[in-house]
file model16.txt (compact mmCIF, C-alpha atoms)
# COMPACT_ATOMS: atom_id res chain seq x y z
CA MET A 1 -44.42 -77.49 8.46
CA PRO A 2 -46.46 -74.37 9.28
CA LEU A 3 -47.12 -72.43 6.09
CA ASP A 4 -46.73 -68.70 5.70
CA PRO A 5 -50.14 -67.11 5.08
CA TYR A 6 -49.32 -66.19 1.47
CA LEU A 7 -48.11 -69.72 0.76
CA LYS A 8 -51.23 -71.13 2.36
CA GLU A 9 -53.43 -69.12 0.05
CA ALA A 10 -51.40 -70.19 -2.97
CA LEU A 11 -51.55 -73.82 -1.90
CA VAL A 12 -55.34 -73.66 -1.50
CA ALA A 13 -55.56 -72.46 -5.11
CA LYS A 14 -53.16 -75.13 -6.36
CA LEU A 15 -54.93 -77.99 -4.55
CA THR A 16 -58.22 -76.80 -6.01
CA ALA A 17 -56.80 -76.78 -9.54
CA LEU A 18 -55.37 -80.26 -9.06
CA ALA A 19 -58.70 -81.56 -7.77
CA ASP A 20 -60.67 -79.87 -10.53
CA ASP A 21 -58.64 -81.61 -13.23
CA GLU A 22 -59.40 -84.94 -11.58
CA VAL A 23 -63.11 -84.29 -11.06
CA VAL A 24 -63.76 -83.09 -14.60
CA LEU A 25 -61.71 -85.88 -16.17
CA ALA A 26 -63.51 -88.45 -14.00
CA GLN A 27 -66.84 -87.14 -15.21
CA ARG A 28 -65.77 -87.39 -18.86
CA LEU A 29 -64.48 -90.93 -18.31
CA SER A 30 -67.63 -92.02 -16.56
CA GLU A 31 -69.65 -91.03 -19.64
CA TRP A 32 -68.25 -94.19 -21.24
CA VAL A 33 -69.66 -96.50 -18.61
CA GLY A 34 -72.06 -98.82 -20.40
CA HIS A 35 -70.82 -97.60 -23.80
CA ALA A 36 -67.17 -98.66 -24.06
CA PRO A 37 -66.24 -100.75 -27.12
CA ILE A 38 -65.65 -103.93 -25.11
CA LEU A 39 -66.66 -105.10 -21.64
CA GLU A 40 -63.10 -105.13 -20.27
CA GLU A 41 -62.64 -101.51 -21.25
CA ASP A 42 -65.96 -100.56 -19.76
CA ILE A 43 -64.68 -101.92 -16.46
CA ALA A 44 -61.26 -100.34 -16.89
CA ILE A 45 -62.63 -96.89 -17.63
CA ALA A 46 -64.96 -97.04 -14.64
CA ASN A 47 -61.91 -97.88 -12.53
CA LEU A 48 -60.01 -94.92 -13.94
CA ALA A 49 -62.90 -92.58 -13.21
CA GLN A 50 -63.24 -93.88 -9.67
CA ASP A 51 -59.51 -93.50 -9.03
CA GLU A 52 -59.53 -89.92 -10.30
CA LEU A 53 -62.38 -89.08 -7.95
CA GLY A 54 -60.45 -90.64 -5.07
CA HIS A 55 -57.50 -88.42 -5.95
CA ALA A 56 -59.70 -85.32 -6.09
CA LYS A 57 -60.96 -86.21 -2.63
CA LEU A 58 -57.40 -86.41 -1.30
CA TYR A 59 -56.51 -82.98 -2.69
CA LEU A 60 -59.71 -81.40 -1.40
CA GLU A 61 -59.18 -82.88 2.05
CA LEU A 62 -55.74 -81.28 2.09
CA ARG A 63 -57.44 -78.02 1.20
CA GLN A 64 -60.03 -78.55 3.92
CA GLU A 65 -57.23 -78.77 6.49
CA LEU A 66 -56.00 -75.38 5.33
CA ASP A 67 -59.19 -73.36 4.96
CA GLY A 68 -62.03 -75.56 6.18
CA ALA A 69 -63.82 -75.67 2.80
CA ASP A 70 -66.17 -78.64 2.44
CA PRO A 71 -65.04 -80.90 -0.46
CA ASP A 72 -68.59 -81.88 -1.44
CA ARG A 73 -69.76 -78.28 -1.66
CA LEU A 74 -66.71 -77.34 -3.73
CA VAL A 75 -67.37 -80.08 -6.25
CA PHE A 76 -71.13 -79.95 -6.48
CA LEU A 77 -72.06 -76.34 -5.83
CA ARG A 78 -69.31 -74.31 -7.47
CA ASP A 79 -70.07 -72.50 -10.72
CA PRO A 80 -68.15 -73.21 -13.93
CA LEU A 81 -66.30 -69.89 -13.78
CA GLU A 82 -64.84 -70.87 -10.43
CA TYR A 83 -63.56 -74.20 -11.71
CA GLN A 84 -59.80 -74.20 -12.22
CA ASN A 85 -59.40 -77.25 -14.45
CA ALA A 86 -57.37 -77.23 -17.64
CA ILE A 87 -59.33 -77.19 -20.89
CA LEU A 88 -57.78 -80.53 -21.89
CA VAL A 89 -59.98 -82.45 -19.46
CA GLU A 90 -63.28 -80.69 -20.17
CA LEU A 91 -63.42 -81.30 -23.93
CA PRO A 92 -66.22 -83.75 -24.86
CA LYS A 93 -65.26 -87.38 -24.76
CA GLY A 94 -65.21 -87.76 -28.55
CA ASP A 95 -64.47 -91.21 -29.89
CA TRP A 96 -62.45 -93.93 -28.18
CA ALA A 97 -59.20 -92.67 -29.70
CA PHE A 98 -59.86 -89.15 -28.44
CA THR A 99 -60.56 -90.38 -24.94
CA LEU A 100 -57.46 -92.58 -24.75
CA VAL A 101 -55.07 -90.08 -26.36
CA ARG A 102 -56.27 -87.45 -23.89
CA GLN A 103 -55.89 -89.92 -21.04
CA TYR A 104 -52.35 -90.74 -22.11
CA LEU A 105 -51.36 -87.06 -22.38
CA PHE A 106 -52.79 -86.41 -18.93
CA ASP A 107 -51.43 -89.56 -17.27
CA ALA A 108 -47.89 -88.90 -18.51
CA TYR A 109 -48.04 -85.39 -17.05
CA GLU A 110 -49.51 -86.59 -13.79
CA ASN A 111 -46.93 -89.32 -13.28
CA LEU A 112 -44.09 -86.85 -13.79
CA TRP A 113 -45.65 -84.30 -11.46
CA LEU A 114 -46.39 -86.83 -8.74
CA LYS A 115 -42.88 -88.29 -8.80
CA GLU A 116 -41.56 -84.81 -8.02
CA ALA A 117 -44.33 -83.94 -5.59
CA GLN A 118 -43.41 -86.92 -3.42
CA GLY A 119 -40.50 -84.77 -2.29
CA SER A 120 -42.72 -81.82 -1.29
CA ALA A 121 -41.60 -79.85 1.76
CA TYR A 122 -45.26 -79.89 2.80
CA GLU A 123 -45.47 -83.38 4.29
CA PRO A 124 -49.24 -83.95 3.82
CA LEU A 125 -48.85 -83.27 0.09
CA ALA A 126 -45.79 -85.53 -0.15
CA GLU A 127 -47.81 -88.36 1.42
CA ALA A 128 -50.82 -87.81 -0.80
CA ALA A 129 -48.57 -87.73 -3.89
CA SER A 130 -46.91 -91.04 -3.10
CA ARG A 131 -50.31 -92.62 -2.47
CA ILE A 132 -51.73 -91.30 -5.75
CA LEU A 133 -48.65 -92.28 -7.75
CA LYS A 134 -49.09 -95.94 -6.81
CA GLU A 135 -52.45 -95.89 -8.56
CA GLU A 136 -51.53 -93.62 -11.45
CA ARG A 137 -48.81 -95.98 -12.64
CA PHE A 138 -51.54 -98.40 -13.68
CA HIS A 139 -53.34 -95.65 -15.57
CA LEU A 140 -50.28 -94.65 -17.56
CA ARG A 141 -49.44 -98.23 -18.48
CA HIS A 142 -53.00 -98.70 -19.71
CA SER A 143 -53.34 -95.51 -21.72
CA ALA A 144 -49.82 -95.75 -23.18
CA LEU A 145 -50.62 -99.24 -24.44
CA TRP A 146 -53.84 -97.99 -26.03
CA VAL A 147 -52.02 -95.19 -27.82
CA GLU A 148 -49.65 -97.77 -29.27
CA ARG A 149 -52.49 -100.10 -30.22
CA LEU A 150 -54.45 -97.33 -31.94
CA GLY A 151 -51.46 -95.71 -33.59
CA LEU A 152 -50.14 -98.96 -35.03
CA GLY A 153 -53.48 -100.72 -35.44
CA THR A 154 -55.60 -100.24 -38.54
CA GLU A 155 -55.61 -97.35 -40.96
CA GLU A 156 -58.78 -96.07 -39.35
CA SER A 157 -57.54 -96.35 -35.75
CA HIS A 158 -54.34 -94.56 -36.76
CA ARG A 159 -56.26 -91.77 -38.48
CA ARG A 160 -58.53 -91.26 -35.51
CA ALA A 161 -55.65 -91.26 -33.02
CA GLN A 162 -53.69 -88.76 -35.14
CA GLU A 163 -56.73 -86.49 -35.46
CA ALA A 164 -57.26 -86.59 -31.71
CA LEU A 165 -53.61 -85.77 -31.13
CA GLU A 166 -53.76 -82.77 -33.48
CA LEU A 167 -56.52 -81.28 -31.42
CA LEU A 168 -55.35 -82.28 -27.95
CA PHE A 169 -51.61 -81.71 -28.01
CA PRO A 170 -51.59 -77.89 -27.60
CA TYR A 171 -54.07 -78.22 -24.73
CA ALA A 172 -51.76 -80.66 -22.95
CA LYS A 173 -49.14 -77.91 -22.84
CA GLN A 174 -51.47 -75.85 -20.68
CA LEU A 175 -50.81 -78.33 -17.89
CA PHE A 176 -47.34 -76.80 -17.55
CA ILE A 177 -48.50 -73.22 -17.10
CA PRO A 178 -48.31 -72.39 -13.39
CA LEU A 179 -51.06 -70.61 -11.51
CA PRO A 180 -50.41 -66.91 -10.84
CA GLU A 181 -49.20 -67.55 -7.27
CA GLU A 182 -47.52 -70.86 -7.91
CA GLU A 183 -43.96 -69.65 -8.27
CA ALA A 184 -43.68 -68.91 -4.55
CA LEU A 185 -44.83 -72.44 -3.75
CA ALA A 186 -42.26 -73.93 -6.07
CA GLU A 187 -39.52 -71.76 -4.58
CA ALA A 188 -40.45 -72.95 -1.10
CA GLY A 189 -40.26 -76.56 -2.31
CA VAL A 190 -43.97 -77.15 -1.68
CA VAL A 191 -44.80 -78.09 -5.27
CA PRO A 192 -42.64 -79.11 -8.24
CA ASP A 193 -41.55 -76.40 -10.67
CA LEU A 194 -43.99 -77.01 -13.52
CA ARG A 195 -41.94 -75.18 -16.15
CA ALA A 196 -38.97 -77.43 -15.46
CA LEU A 197 -41.14 -80.48 -16.08
CA GLU A 198 -42.34 -79.43 -19.52
CA ALA A 199 -39.19 -80.37 -21.47
CA PRO A 200 -38.89 -83.89 -19.99
CA TYR A 201 -42.61 -84.34 -20.60
CA LEU A 202 -42.45 -83.33 -24.26
CA GLU A 203 -39.47 -85.58 -24.75
CA GLU A 204 -41.16 -88.57 -23.12
CA VAL A 205 -44.51 -88.28 -24.87
CA THR A 206 -42.97 -87.45 -28.25
CA ARG A 207 -40.83 -90.57 -28.03
CA HIS A 208 -43.83 -92.75 -27.20
CA LEU A 209 -46.11 -91.13 -29.78
CA GLU A 210 -43.55 -91.51 -32.54
CA ARG A 211 -42.91 -95.11 -31.57
CA SER A 212 -46.67 -95.54 -31.95
CA GLY A 213 -46.59 -94.08 -35.47
CA LEU A 214 -48.12 -90.76 -34.40
CA LYS A 215 -46.79 -87.29 -34.99
CA PRO A 216 -47.29 -84.53 -32.40
CA PRO A 217 -48.35 -81.32 -34.18
CA GLN A 218 -46.40 -78.07 -34.04
CA GLY A 219 -47.94 -74.90 -32.67
CA GLY A 220 -51.60 -74.50 -31.91
CA TYR A 221 -53.36 -72.46 -29.26
CA VAL A 222 -52.26 -73.06 -25.68
CA PRO A 223 -54.68 -71.59 -23.11
CA LYS A 224 -52.88 -69.07 -20.90
CA SER A 225 -54.91 -69.39 -17.75
CA ARG A 226 -57.08 -71.86 -15.91
CA LYS A 227 -59.79 -69.21 -15.88
CA GLU A 228 -60.32 -69.95 -19.56
CA HIS A 229 -62.99 -72.51 -20.33
CA THR A 230 -65.03 -73.79 -23.25
CA GLU A 231 -68.81 -74.04 -23.35
CA TYR A 232 -68.44 -77.77 -22.73
CA LEU A 233 -67.65 -77.24 -19.05
CA TRP A 234 -71.09 -75.69 -18.51
CA SER A 235 -73.03 -78.69 -19.75
CA LEU A 236 -70.69 -81.11 -17.99
CA LEU A 237 -71.16 -79.43 -14.60
CA ALA A 238 -74.88 -78.90 -15.15
CA GLU A 239 -75.28 -82.64 -15.46
CA MET A 240 -72.81 -83.60 -12.75
CA GLN A 241 -74.20 -81.14 -10.20
CA SER A 242 -77.89 -81.47 -10.96
CA VAL A 243 -78.79 -83.88 -8.17
CA ALA A 244 -76.83 -82.04 -5.50
CA ARG A 245 -78.33 -78.71 -6.55
CA TRP A 246 -81.87 -80.02 -6.20
CA ASP A 247 -81.32 -80.31 -2.48
CA PRO A 248 -78.09 -78.64 -1.36
CA GLU A 249 -78.84 -79.20 2.32
CA ALA A 250 -79.44 -82.92 2.04
CA LYS A 251 -77.55 -84.79 4.76
CA ALA A 252 -77.51 -88.17 3.05
CA TRP A 253 -78.28 -89.58 -0.36
CA MET B 1 -58.53 -102.84 27.03
CA VAL B 2 -56.81 -101.89 23.82
CA ASP B 3 -56.30 -105.59 23.04
CA ARG B 4 -60.01 -106.07 23.21
CA TYR B 5 -60.58 -103.31 20.66
CA TRP B 6 -57.99 -104.80 18.34
CA GLU B 7 -59.85 -108.11 18.61
CA ALA B 8 -63.11 -106.34 17.80
CA LEU B 9 -61.55 -104.75 14.71
CA LYS B 10 -60.65 -108.22 13.46
CA GLY B 11 -64.38 -108.68 13.05
CA VAL B 12 -64.55 -105.87 10.47
CA LYS B 13 -64.27 -107.33 6.99
CA ASP B 14 -63.29 -105.66 3.78
CA PRO B 15 -66.72 -105.72 2.08
CA GLU B 16 -65.14 -106.30 -1.33
CA ILE B 17 -63.05 -109.25 -0.10
CA PRO B 18 -65.15 -110.72 2.69
CA VAL B 19 -62.57 -113.32 3.74
CA LEU B 20 -60.16 -110.66 4.99
CA ASN B 21 -60.46 -108.36 7.98
CA ILE B 22 -59.06 -104.85 8.08
CA VAL B 23 -56.38 -105.74 10.67
CA GLU B 24 -54.75 -108.46 8.59
CA MET B 25 -55.04 -106.21 5.53
CA GLY B 26 -52.75 -103.78 7.35
CA MET B 27 -55.33 -101.01 7.23
CA VAL B 28 -55.35 -100.27 10.96
CA LEU B 29 -52.40 -98.12 12.00
CA GLY B 30 -53.21 -97.64 15.65
CA VAL B 31 -55.78 -97.90 18.40
CA GLU B 32 -55.76 -95.66 21.46
CA ALA B 33 -58.15 -95.91 24.35
CA GLU B 34 -58.82 -93.46 27.16
CA GLY B 35 -61.45 -94.95 29.38
CA SER B 36 -64.31 -95.74 27.05
CA ARG B 37 -63.17 -93.28 24.38
CA VAL B 38 -61.42 -94.99 21.50
CA LYS B 39 -59.50 -93.50 18.63
CA VAL B 40 -58.63 -95.56 15.57
CA ARG B 41 -56.23 -94.51 12.84
CA PHE B 42 -56.82 -96.35 9.63
CA ARG B 43 -55.72 -96.01 6.03
CA PRO B 44 -57.68 -96.94 2.95
CA THR B 45 -56.20 -99.37 0.45
CA PHE B 46 -57.09 -97.48 -2.75
CA SER B 47 -58.04 -93.82 -2.40
CA GLY B 48 -61.18 -94.06 -4.52
CA CYS B 49 -62.44 -97.15 -2.71
CA PRO B 50 -66.24 -96.89 -2.46
CA ALA B 51 -66.26 -99.18 0.58
CA LEU B 52 -64.57 -96.61 2.83
CA ARG B 53 -67.72 -95.17 4.27
CA LEU B 54 -69.08 -98.59 5.08
CA ILE B 55 -65.80 -99.66 6.68
CA ARG B 56 -65.83 -96.58 8.91
CA GLU B 57 -69.37 -97.37 10.02
CA GLU B 58 -68.43 -100.97 10.69
CA ILE B 59 -65.44 -99.88 12.78
CA VAL B 60 -67.67 -97.73 14.97
CA ARG B 61 -70.23 -100.49 15.33
CA ALA B 62 -67.63 -103.14 16.24
CA LEU B 63 -65.92 -100.95 18.83
CA LYS B 64 -69.19 -99.93 20.45
CA ALA B 65 -70.16 -103.58 20.69
CA ALA B 66 -66.84 -104.14 22.46
CA GLY B 67 -67.66 -101.53 25.08
CA ALA B 68 -66.49 -98.23 23.63
CA GLU B 69 -68.79 -95.29 24.17
CA ALA B 70 -67.20 -92.75 21.89
CA VAL B 71 -65.31 -93.74 18.78
CA GLU B 72 -63.20 -91.50 16.61
CA VAL B 73 -62.04 -92.83 13.25
CA GLU B 74 -59.17 -90.96 11.69
CA GLU B 75 -58.33 -91.60 8.05
CA ALA B 76 -54.55 -91.45 7.57
CA ARG B 77 -52.96 -90.48 4.28
CA THR B 78 -50.02 -92.80 4.83
CA PRO B 79 -49.89 -94.84 1.62
CA TRP B 80 -51.04 -98.41 2.02
CA SER B 81 -49.00 -101.16 0.47
CA THR B 82 -49.72 -104.82 -0.16
CA GLU B 83 -46.47 -105.42 1.75
CA ALA B 84 -48.49 -104.58 4.88
CA MET B 85 -50.74 -107.59 4.35
CA ALA B 86 -50.17 -110.45 6.80
CA GLY B 87 -48.90 -113.73 5.31
CA GLU B 88 -51.99 -115.41 6.61
CA ALA B 89 -54.15 -112.93 4.71
CA LYS B 90 -52.39 -113.81 1.47
CA GLU B 91 -53.07 -117.50 2.10
CA LYS B 92 -56.73 -116.76 2.72
CA LEU B 93 -56.92 -114.82 -0.54
CA ALA B 94 -55.43 -117.71 -2.51
CA ALA B 95 -57.86 -120.15 -0.89
CA TYR B 96 -60.70 -117.80 -1.83
CA GLY B 97 -59.61 -117.95 -5.49
CA ILE B 98 -57.87 -114.56 -5.73
CA ALA B 99 -54.18 -114.59 -6.59
CA PRO B 100 -52.49 -112.78 -3.69
CA PRO B 101 -50.28 -109.77 -4.41
CA LEU B 102 -46.69 -110.62 -5.29
CA PRO B 103 -43.91 -109.03 -3.24
CA LEU B 104 -43.22 -105.53 -4.61
CA PRO B 105 -39.87 -106.34 -6.27
CA LEU B 106 -41.71 -108.99 -8.31
CA ALA B 107 -44.73 -106.80 -9.04
CA HIS B 108 -44.01 -106.71 -12.78
CA GLN B 109 -44.45 -110.50 -13.00
CA ASP B 110 -47.70 -112.38 -13.51
CA PRO B 111 -49.01 -114.30 -10.51
CA PRO B 112 -49.48 -118.09 -10.63
CA CYS B 113 -53.02 -119.43 -11.08
CA PRO B 114 -54.64 -119.77 -7.66
CA ARG B 115 -56.48 -122.89 -8.82
CA CYS B 116 -53.75 -125.04 -10.39
CA GLY B 117 -50.56 -123.10 -9.67
CA SER B 118 -49.58 -122.80 -13.33
CA ARG B 119 -47.46 -119.84 -14.41
CA GLU B 120 -48.97 -119.91 -17.89
CA VAL B 121 -51.39 -117.09 -17.28
CA VAL B 122 -52.57 -114.26 -19.53
CA LEU B 123 -53.53 -110.79 -18.34
CA LYS B 124 -57.03 -110.08 -19.62
CA ASN B 125 -57.53 -106.71 -17.99
CA ALA B 126 -55.30 -104.60 -15.75
CA PHE B 127 -58.51 -103.39 -14.10
CA GLY B 128 -61.09 -105.56 -12.44
CA ALA B 129 -64.46 -105.53 -10.72
CA THR B 130 -62.89 -103.57 -7.86
CA LEU B 131 -60.04 -101.05 -7.83
CA CYS B 132 -57.62 -103.47 -6.14
CA LYS B 133 -57.82 -106.32 -8.63
CA MET B 134 -56.81 -107.36 -12.16
CA LEU B 135 -58.28 -110.07 -14.34
CA TYR B 136 -56.29 -113.09 -15.60
CA GLN B 137 -56.94 -116.35 -17.35
CA CYS B 138 -54.93 -119.50 -16.75
CA GLY B 139 -53.62 -121.15 -19.92
CA ALA B 140 -53.25 -124.54 -18.22
CA CYS B 141 -56.61 -125.08 -16.51
CA GLY B 142 -58.67 -122.37 -18.21
CA GLU B 143 -59.68 -120.72 -14.94
CA VAL B 144 -60.51 -117.02 -15.17
CA PHE B 145 -59.29 -115.46 -11.95
CA GLU B 146 -58.75 -112.18 -10.21
CA ALA B 147 -55.35 -111.12 -8.92
CA PHE B 148 -54.68 -108.56 -6.23
CA LYS B 149 -52.61 -105.65 -7.57
CA ALA B 150 -49.24 -105.33 -5.87
CA VAL B 151 -48.87 -101.71 -4.79

call {"tool": "encode", "arguments": {"input": "model16.txt", "output": "structure tokens"}}
result
Amino acid sequence: MPLDPYLKEALVAKLTALADDEVVLAQRLSEWVGHAPILEEDIAIANLAQDELGHAKLYLELRQELDGADPDRLVFLRDPLEYQNAILVELPKGDWAFTLVRQYLFDAYENLWLKEAQGSAYEPLAEAASRILKEERFHLRHSALWVERLGLGTEESHRRAQEALELLFPYAKQLFIPLPEEEALAEAGVVPDLRALEAPYLEEVTRHLERSGLKPPQGGYVPKSRKEHTEYLWSLLAEMQSVARWDPEAKAW
Amino acid sequence: MVDRYWEALKGVKDPEIPVLNIVEMGMVLGVEAEGSRVKVRFRPTFSGCPALRLIREEIVRALKAAGAEAVEVEEARTPWSTEAMAGEAKEKLAAYGIAPPLPLPLAHQDPPCPRCGSREVVLKNAFGATLCKMLYQCGACGEVFEAFKAV
């Protein structure tokens, strides 16, 4: 399907935002490698991080087909203010409960989005979505189980999970705020209508959280735009990009 | 000529599961040859697989050794599925000690132990040493084994 120029531009922005969520979340997850509470989880979290990076690569290759931008340069040489990730994924990793509650809130959103995106009128995106969904199902099963385990576990695990949820829940709602140009894409059937996904999402996660003894908070600040960031993104990118920035023209590592 | 290139590709192993080659894994979607120019379409198993770069290099090396002068490797986005694995490949996996992927409709079940065949197995970790595997332990013989994820 040849895209109208205005749709192409909007899709470039959307693919970048999708990839940025994955890249930043992968970096936060990888901070646990060597530090997770048990060996199995150390391995699992490294797998999650690696998968998310693979998904970012898929989105950025779709973008490359549209505007020729080099995926590596986008990830490693872009400044924080140009990153389009949601705040949810950039917040510091916190404790184990914080990491897994965040992962659950993100995975549930991603699974819903991908299921819809498989039907995209833009065939390359439909293909990428069905590929990514196969892998994301494992993520959701894993993080949903952890939420249950923490919520219903000990008094301390419950307290920590509830505290994490209080902080994270409003940020998860940002995932359903479309980009400025996204409406046209949704109308053309290129991407799912995010606003229509919010109600099923809230219903699904609320049901699971409550079953796990946790209570989603009311209200809270929901960031309005993906241009908003916290100071934490700066230090995250500074670390992640440091090697590439030492020698931006390097041909091989 | 194309047959010869297909044969050559059978020499390219998946570096994370060295008993399987990329053809029987169902990773090669097509081979086209025009004179000594060869184009291969292949699809990765898992999108974040760190072995991809190596596999691409191995493809080029194998085809050049088989007489190709120019090789183009195109990475397709077509989702890969364990359903694309040849039956023979699944047998090789089991013999290697990895429980082969179950058919997709049975994917929610636990695989039998590749050592003793028992169904009394316990999932230890849904994630393993590589993206494509999970970790199980057999309750009957005690064997700790890896199982290929059915996707």

call {"tool": "residues_near_point", "arguments": {"input": "model16.txt", "point": "(-62.1, -90.9, 11.2)", "cutoff": "9 Å", "atoms": "all atoms listed in the file", "output": "MDAnalysis selection string"}}
result
chainID B and resid 39:42 56 71:76

call {"tool": "closest_atom_pairs", "arguments": {"input": "model16.txt", "of": "chain B", "to": "chain A", "cutoff": "7 Å", "atoms": "all atoms listed in the file", "output": "JSON lines"}}
result
{"residue": "B:Ser47", "atom": "CA", "partner": "A:Gly54", "partner_atom": "CA", "distance": 4.8}
{"residue": "B:Gly48", "atom": "CA", "partner": "A:Gly54", "partner_atom": "CA", "distance": 3.5}
{"residue": "B:Arg77", "atom": "CA", "partner": "A:Ala128", "partner_atom": "CA", "distance": 6.1}
{"residue": "B:Thr78", "atom": "CA", "partner": "A:Glu127", "partner_atom": "CA", "distance": 6.0}
{"residue": "B:Pro79", "atom": "CA", "partner": "A:Arg131", "partner_atom": "CA", "distance": 4.7}
{"residue": "B:Asn125", "atom": "CA", "partner": "A:Glu40", "partner_atom": "CA", "distance": 6.2}
{"residue": "B:Phe127", "atom": "CA", "partner": "A:Ala44", "partner_atom": "CA", "distance": 5.0}
{"residue": "B:Gly128", "atom": "CA", "partner": "A:Ile43", "partner_atom": "CA", "distance": 6.5}
{"residue": "B:Ala129", "atom": "CA", "partner": "A:Ile43", "partner_atom": "CA", "distance": 6.8}
{"residue": "B:Leu131", "atom": "CA", "partner": "A:Asn47", "partner_atom": "CA", "distance": 6.0}
{"residue": "B:Val151", "atom": "CA", "partner": "A:Lys134", "partner_atom": "CA", "distance": 6.1}

call {"tool": "residues_around", "arguments": {"input": "model16.txt", "residues": "range 210-222 of chain A", "least_positions_apart": "5", "cutoff": "7 Å", "atoms": "only C-alpha atoms", "output": "PyMOL selection string"}}
result
chain A and resi 147-148+151-152+162+165-166+169-171+173-174

call {"tool": "write_last_selection", "arguments": {"input": "model16.txt", "atoms": "C-alpha atoms", "output": "mmCIF file, keeping the file's coordinate frame"}}
result
data_model
loop_
_atom_site.group_PDB
_atom_site.id
_atom_site.type_symbol
_atom_site.label_atom_id
_atom_site.label_comp_id
_atom_site.auth_asym_id
_atom_site.auth_seq_id
_atom_site.Cartn_x
_atom_site.Cartn_y
_atom_site.Cartn_z
ATOM 1 C CA VAL A 147 -52.020 -95.190 -27.820
ATOM 2 C CA GLU A 148 -49.650 -97.770 -29.270
ATOM 3 C CA GLY A 151 -51.460 -95.710 -33.590
ATOM 4 C CA LEU A 152 -50.140 -98.960 -35.030
ATOM 5 C CA GLN A 162 -53.690 -88.760 -35.140
ATOM 6 C CA LEU A 165 -53.610 -85.770 -31.130
ATOM 7 C CA GLU A 166 -53.760 -82.770 -33.480
ATOM 8 C CA PHE A 169 -51.610 -81.710 -28.010
ATOM 9 C CA PRO A 170 -51.590 -77.890 -27.600
ATOM 10 C CA TYR A 171 -54.070 -78.220 -24.730
ATOM 11 C CA LYS A 173 -49.140 -77.910 -22.840
ATOM 12 C CA GLN A 174 -51.470 -75.850 -20.680
#

call {"tool": "closest_residue", "arguments": {"input": "model16.txt", "among": "B:Val122, B:Cys116, B:Leu63, B:Ala89", "to": "Leu20 in chain B", "atoms": "all atoms listed in the file"}}
result
B:Ala89

call {"tool": "residues_around", "arguments": {"input": "model16.txt", "residues": "Phe176 in chain A", "least_positions_apart": "6", "cutoff": "7 Å", "atoms": "all atoms listed in the file", "output": "JSON, numbers by chain"}}
result
{"A": [194, 195, 198]}

call {"tool": "closest_residue", "arguments": {"input": "model16.txt", "among": "B:Gly97, B:Pro44, B:Gly30, B:Gly142", "to": "Asp3 in chain B", "atoms": "all atoms listed in the file"}}
result
B:Gly30

call {"tool": "closest_residue", "arguments": {"input": "model16.txt", "among": "B:Lys133, B:Val28, B:Glu83, B:Glu7", "to": "Pro105 in chain B", "atoms": "only C-alpha atoms"}}
result
B:Glu83

call {"tool": "atom_distance", "arguments": {"input": "model16.txt", "atom1": "CA of Leu54 in chain B", "atom2": "CA of Ala66 in chain B"}}
result
18.4 Å

call {"tool": "atom_distance", "arguments": {"input": "model16.txt", "atom1": "CA of Val75 in chain A", "atom2": "CA of Val23 in chain A"}}
result
7.7 Å

call {"tool": "residues_around", "arguments": {"input": "model16.txt", "residues": "Met85 in chain B", "least_positions_apart": "4", "cutoff": "12 Å", "atoms": "only C-alpha atoms", "output": "list in words"}}
result
Leu20, Asn21, Ile22, Val23, Glu24, Met25, Gly26, Met27, Val28, Thr45, Trp80, Ser81, Ala89, Lys90, Glu91, Lys92, Leu93, Pro100, Pro101, Leu102, Pro103, Leu104, Phe148, Ala150 and Val151 of chain B

call {"tool": "build_atoms", "arguments": {"input": "model16.txt", "residues": "range 121-129 of chain B", "atoms": "N, CA and C atoms", "output": "CSV table (one decimal), in the frame of the given file"}}
result
chain,number,residue,atom,x,y,z
B,121,VAL,N,-50.2,-117.9,-17.4
B,121,VAL,CA,-51.4,-117.1,-17.3
B,121,VAL,C,-51.3,-115.9,-18.2
B,122,VAL,N,-52.5,-115.4,-18.6
B,122,VAL,CA,-52.6,-114.3,-19.5
B,122,VAL,C,-53.4,-113.1,-18.9
B,123,LEU,N,-52.8,-111.9,-18.9
B,123,LEU,CA,-53.5,-110.8,-18.3
B,123,LEU,C,-54.7,-110.4,-19.3
B,124,LYS,N,-55.9,-110.4,-18.8
B,124,LYS,CA,-57.0,-110.1,-19.6
B,124,LYS,C,-57.4,-108.6,-19.4
B,125,ASN,N,-57.2,-108.1,-18.2
B,125,ASN,CA,-57.5,-106.7,-18.0
B,125,ASN,C,-56.8,-106.2,-16.7
B,126,ALA,N,-56.1,-105.1,-16.9
B,126,ALA,CA,-55.3,-104.6,-15.8
B,126,ALA,C,-56.2,-104.0,-14.7
B,127,PHE,N,-57.5,-103.9,-15.0
B,127,PHE,CA,-58.5,-103.4,-14.1
B,127,PHE,C,-59.6,-104.4,-13.9
B,128,GLY,N,-60.1,-104.5,-12.7
B,128,GLY,CA,-61.1,-105.6,-12.4
B,128,GLY,C,-62.4,-105.0,-11.9
B,129,ALA,N,-63.1,-105.9,-11.3
B,129,ALA,CA,-64.5,-105.5,-10.7
B,129,ALA,C,-64.3,-104.6,-9.5
